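Here is the structure we will look at.
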Amino acid sequence: MRKISKKKSVTQKSDYYRNKDLKSRFGLSANTIIKYRETGVIPYTILGEVYLYPINQLEEILKANSNLDLFFKKAS
């Protein structure tokens with residue numbers, strides 16, 4: 001009798017987030033993601049019924065709207 005080996009799925013780094021990624025990484029709700037898409041806050045692409053969000057563009061948006069540099073600057 002021959003054994004069937006289970007293939008391990010290969011995880012490939014993607015250039016896009018999916019809805020589940022935005023929910024887990026940023027703590028966004030499904031309604032917030034929809035609102036952000038509809039109002040143009042976040043860029044997206046649709047493939048069939050799957051929404052894809054470009055990681056590089058989202059990082060640029062976060063960086064542009066961040067005040068983290070103020071946190072690390074010392075008062076003079």
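By convention here, the chains of the structure tokens are called A, B, ... in the order presented, each chain's residues are numbered starting at 1, and ligands are numbered starting at 1 in the order presented.
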
Contacts of range 51-53 of chain A within 10 Å, only C-alpha atoms, excl. fewer than 2 positions in-chain, as JSON, numbers by chain:
{"A": [15, 16, 17, 18, 19, 21, 22, 37, 42, 43, 44, 45, 46, 47, 48, 49, 55, 56, 57, 58]}

I'd like the interatomic distance between CA of Thr32 in chain A and CA of Asp69 in chain A, to a tenth of an Å.
26.5 Å

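When CA of Val50 in chain A is paired with CA of Lys20 in chain A, their separation reads 10.9 Å.
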
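Distance-wise, CA of Val41 in chain A and CA of Ser24 in chain A end up 18.4 Å apart.
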
DSSP-assigned alpha helix (DSSP H) among range 15-70 of chain A, expressed as a PyMOL selection string:
chain A and resi 19-26+30-39+55-64+68-70
